[in-house]
Amino acid sequence: MPLPPALRALIRNTPSVAPVPHRAVISVTGSQAAEFLNGLTAASVPRHPYSHFYSAFLHAQGRVLHDVFIYAHTNPAGRSGYLVEYDARPSEAPPVLPTLKRYVLRSKVKLRDVSDEYDVWATWGSEAERSWETERQWDFAQSGVIEPVWAQTGEWPWGSAPGLLRDRRAVGMGARLLVRKGDRPQAASTHDVVSSDDYMLHRILHGVPEGIDDIPPMQAFPMDSNMDIMGGLDFRKGCYVGQELTVRTYHTGQLRKRILPVVLHKPDTSITNLQRFPDDMPPFPTQLDIRPQTLYAGDESASRPRPRGTGKLLSSVRGVGLALLRLEQVEAVEQGRARFSLTTGEGQEWSVTPYRPDWWPQPPPETERGEDVKA
């Protein structure tokens with residue numbers, strides 16, 4: 001579905017830079033830093049020692065502890081290592097630094113909290129950020145897992161410039177910056193400096209979940225949270241914490257849920273005709289239940305959305321949000337056989353309409369899929 005005018009009006013196309021709040025940074029150094037992280041992250045540590053990447057720490061049962069950005073880093077003494085950036089807000093997950101220390105054992109690794117040395121910023125919308133974007137290629141597994149296929153030659157997709165990580169989680173996300181605490185990034189002199197809410201709006205419009213509100217620690221599964229699509233998982237690497245369930249789902253499972261961007265609107269309004277969001281849009285708390293409602297049966301042989309089971313609203317701002325939804329129910333909504341709604345604590349009902357961003361992977365026709373999909 002083409003983006004309705006109200007959504008297109010929210011997209012910032014001018015060069016912008018925004019602070020990203022609630023972030024912490026851990027330094028990982030030592031001669032075995034790469035091997036240490038490779039045993040803990042759900043993506044492979046790049047072979048090139050100066051390459052950044054995006055991934056997650058999982059617990060043993062395969063659920064997400066933290067989604068993380070990992071920057072290759074060289075300290076002033078010339079020693080190479082990594083900086084691990086993550087959401088620092090309290091959650092059900094155990095604290096990151098003590099958790100990592102449990103796995104050091106005899107590894108030649110040093111861990112240190114350096115959150116007081118760095119701020120995190122996001123930048124997007126300039127020609128520099130657009131220059132590394134290429135047309136995405138995708139690998140579709142029979143389980144529903146979708147992976148980006150990066151070119152084997154040329155630059156590393158996530159970049160290697162010090163303190164600048166190319167944000168390849170979605171087309172158009174821009175870049176992520178590690179800046180010395182209290183400083184502004186250089187981009188602030190050429191970009192519009194906008195708020196952290198503007199960054200949240202930017203990633204929601206692109207369908208990108210991030211942090212504990214969107215990927216609840218100890219609860220979320222990585223593929224349900226789109227971490228496969230965003231390039232944060234490697235299903236072919238060796239042993240790491242949480243590997244067994246993740247790889248088994250890839251080979252023999254079936255994905256039934258995804259996080260999708262949604263529009264929150266009044267029940268008597270169609271989003272295709274929505275020109276702008278009302279000024280009195282209320283804030284919506286996270287984890288509100290999103291309930292499906294069957295509109296009509298249509299073809300009696302067609303599968304119907306389950307009468308039970310609810311979705312969950314995650315981050316939201318200015319009338320748009322992210323939601324964890326059952327795919328069969330999303331299909332029913334897209335076909336006009338069902339609708340989603342939520343009810344606020346004040347008893348007000350809102351319609352919830354999912355959409356797929358322009359960049360979202362489009363599976364090939366079934367005839368091609370049978371030849372191209374890997375079992």
# chains A, B, ... in the order shown; residues from 1 in each chain; ligands from 1
>>> residues_around(residues="Arg184 (chain A)", least_positions_apart="2", cutoff="12 Å", atoms="only C-alpha atoms", output="list of chain:residue names")
A:Val17, A:Ala18, A:Pro19, A:Tyr118, A:Asp119, A:Val120, A:Trp121, A:Ala122, A:Thr123, A:Leu177, A:Leu178, A:Val179, A:Arg180, A:Lys181, A:Gly182, A:Gln186, A:Ala187, A:Ala188, A:Ser189, A:Thr190, A:His191, A:Val193
>>> closest_atom_pairs(of="region 81-148 of chain A", to="region 254-278 of chain A", cutoff="8 Å", atoms="only C-alpha atoms", output="Markdown table")
| residue | atom | partner | partner_atom | distance |
| --- | --- | --- | --- | --- |
| A:Gln142 | CA | A:Gln254 | CA | 7.7 |
| A:Ser143 | CA | A:Gln254 | CA | 4.4 |
| A:Gly144 | CA | A:Leu255 | CA | 5.4 |
| A:Val145 | CA | A:Leu255 | CA | 7.1 |
>>> atom_distance(atom1="CA of Glu133 (chain A)", atom2="CA of Ser225 (chain A)")
22.6 Å
>>> residues_around(residues="Thr294 (chain A)", least_positions_apart="4", cutoff="7 Å", atoms="only C-alpha atoms", output="list in words")
Arg337, Ala338 and Arg339 of chain A
>>> write_last_selection(atoms="C-alpha atoms", output="PDB file, in the first residue's frame")
ATOM      1  CA  ARG A 337     -11.462  -9.367   6.438  1.00  0.00           C
ATOM      2  CA  ALA A 338     -10.475  -7.978   9.845  1.00  0.00           C
ATOM      3  CA  ARG A 339      -9.438  -4.868  11.695  1.00  0.00           C
TER       4      ARG A 339
END
>>> residues_around(residues="Val104 (chain A)", least_positions_apart="2", cutoff="12 Å", atoms="only C-alpha atoms", output="list in words")
Val28, Thr29, Gly30, Gln32, Ala33, Glu35, Phe36, Leu37, Gly39, Leu40, Leu97, Pro98, Thr99, Leu100, Lys101, Arg102, Arg106, Ser107, Lys108, Val109, Lys110 and Leu111 of chain A
>>> write_last_selection(atoms="N, CA and C atoms", output="compact mmCIF listing (two decimals), in the first residue's frame")
# COMPACT_ATOMS: atom_id res chain seq x y z
N VAL A 28 35.40 -3.20 25.22
CA VAL A 28 35.92 -4.57 25.23
C VAL A 28 37.27 -4.54 24.54
N THR A 29 38.33 -4.78 25.28
CA THR A 29 39.68 -4.75 24.72
C THR A 29 40.42 -6.03 25.10
N GLY A 30 41.57 -6.19 24.50
CA GLY A 30 42.37 -7.37 24.76
C GLY A 30 42.62 -8.18 23.49
N GLN A 32 42.03 -11.12 22.77
CA GLN A 32 40.98 -12.06 22.40
C GLN A 32 39.59 -11.42 22.41
N ALA A 33 39.56 -10.09 22.24
CA ALA A 33 38.27 -9.38 22.27
C ALA A 33 37.32 -9.86 21.17
N GLU A 35 37.25 -12.82 19.57
CA GLU A 35 36.78 -14.18 19.86
C GLU A 35 35.77 -14.18 20.99
N PHE A 36 36.00 -13.34 21.98
CA PHE A 36 35.09 -13.24 23.12
C PHE A 36 33.70 -12.80 22.67
N LEU A 37 33.64 -11.71 21.89
CA LEU A 37 32.35 -11.22 21.42
C LEU A 37 31.70 -12.19 20.45
N GLY A 39 31.56 -15.28 20.58
CA GLY A 39 30.89 -16.34 21.31
C GLY A 39 29.62 -15.88 22.01
N LEU A 40 29.34 -14.57 21.93
CA LEU A 40 28.19 -14.02 22.64
C LEU A 40 27.17 -13.35 21.72
N LEU A 97 27.11 -5.45 31.99
CA LEU A 97 28.53 -5.61 32.33
C LEU A 97 28.78 -6.84 33.20
N PRO A 98 28.05 -7.05 34.31
CA PRO A 98 28.26 -8.28 35.08
C PRO A 98 27.98 -9.55 34.27
N THR A 99 27.00 -9.48 33.36
CA THR A 99 26.69 -10.64 32.53
C THR A 99 27.86 -10.99 31.63
N LEU A 100 28.45 -9.98 31.00
CA LEU A 100 29.60 -10.23 30.13
C LEU A 100 30.79 -10.75 30.93
N LYS A 101 30.97 -10.23 32.13
CA LYS A 101 32.11 -10.65 32.94
C LYS A 101 32.04 -12.13 33.31
N ARG A 102 30.84 -12.68 33.38
CA ARG A 102 30.70 -14.11 33.70
C ARG A 102 31.34 -14.99 32.64
N ARG A 106 39.12 -17.31 31.34
CA ARG A 106 40.56 -17.09 31.13
C ARG A 106 40.85 -16.29 29.86
N SER A 107 39.82 -15.77 29.23
CA SER A 107 40.04 -15.00 28.00
C SER A 107 40.85 -13.75 28.31
N LYS A 108 41.69 -13.39 27.35
CA LYS A 108 42.52 -12.18 27.50
C LYS A 108 41.69 -10.99 27.04
N VAL A 109 40.79 -10.58 27.93
CA VAL A 109 39.82 -9.55 27.62
C VAL A 109 39.66 -8.64 28.83
N LYS A 110 39.50 -7.35 28.57
CA LYS A 110 39.21 -6.40 29.64
C LYS A 110 37.91 -5.68 29.31
N LEU A 111 37.01 -5.61 30.28
CA LEU A 111 35.72 -4.96 30.12
C LEU A 111 35.65 -3.72 31.02
>>> select_by_dssp(residues="region 96-146 of chain A", states="helix (DSSP H, G or I)", output="ChimeraX atom specification")
/A:96-102,115-117,127-130
>>> write_last_selection(atoms="C-alpha atoms", output="compact mmCIF listing (two decimals), in the first residue's frame")
# COMPACT_ATOMS: atom_id res chain seq x y z
CA VAL A 96 25.06 -6.13 30.84
CA LEU A 97 28.53 -5.61 32.33
CA PRO A 98 28.26 -8.28 35.08
CA THR A 99 26.69 -10.64 32.53
CA LEU A 100 29.60 -10.23 30.13
CA LYS A 101 32.11 -10.65 32.94
CA ARG A 102 30.70 -14.11 33.70
CA SER A 115 29.24 5.44 29.31
CA ASP A 116 30.49 8.62 30.96
CA GLU A 117 32.82 9.18 27.97
CA GLU A 127 23.75 12.78 0.42
CA ALA A 128 26.59 11.30 2.49
CA GLU A 129 24.16 8.93 4.22
CA ARG A 130 22.41 8.09 0.96
>>> residues_around(residues="Ser341 (chain A)", least_positions_apart="3", cutoff="8 Å", atoms="only C-alpha atoms", output="number ranges by chain")
A: 290-293, 349-352
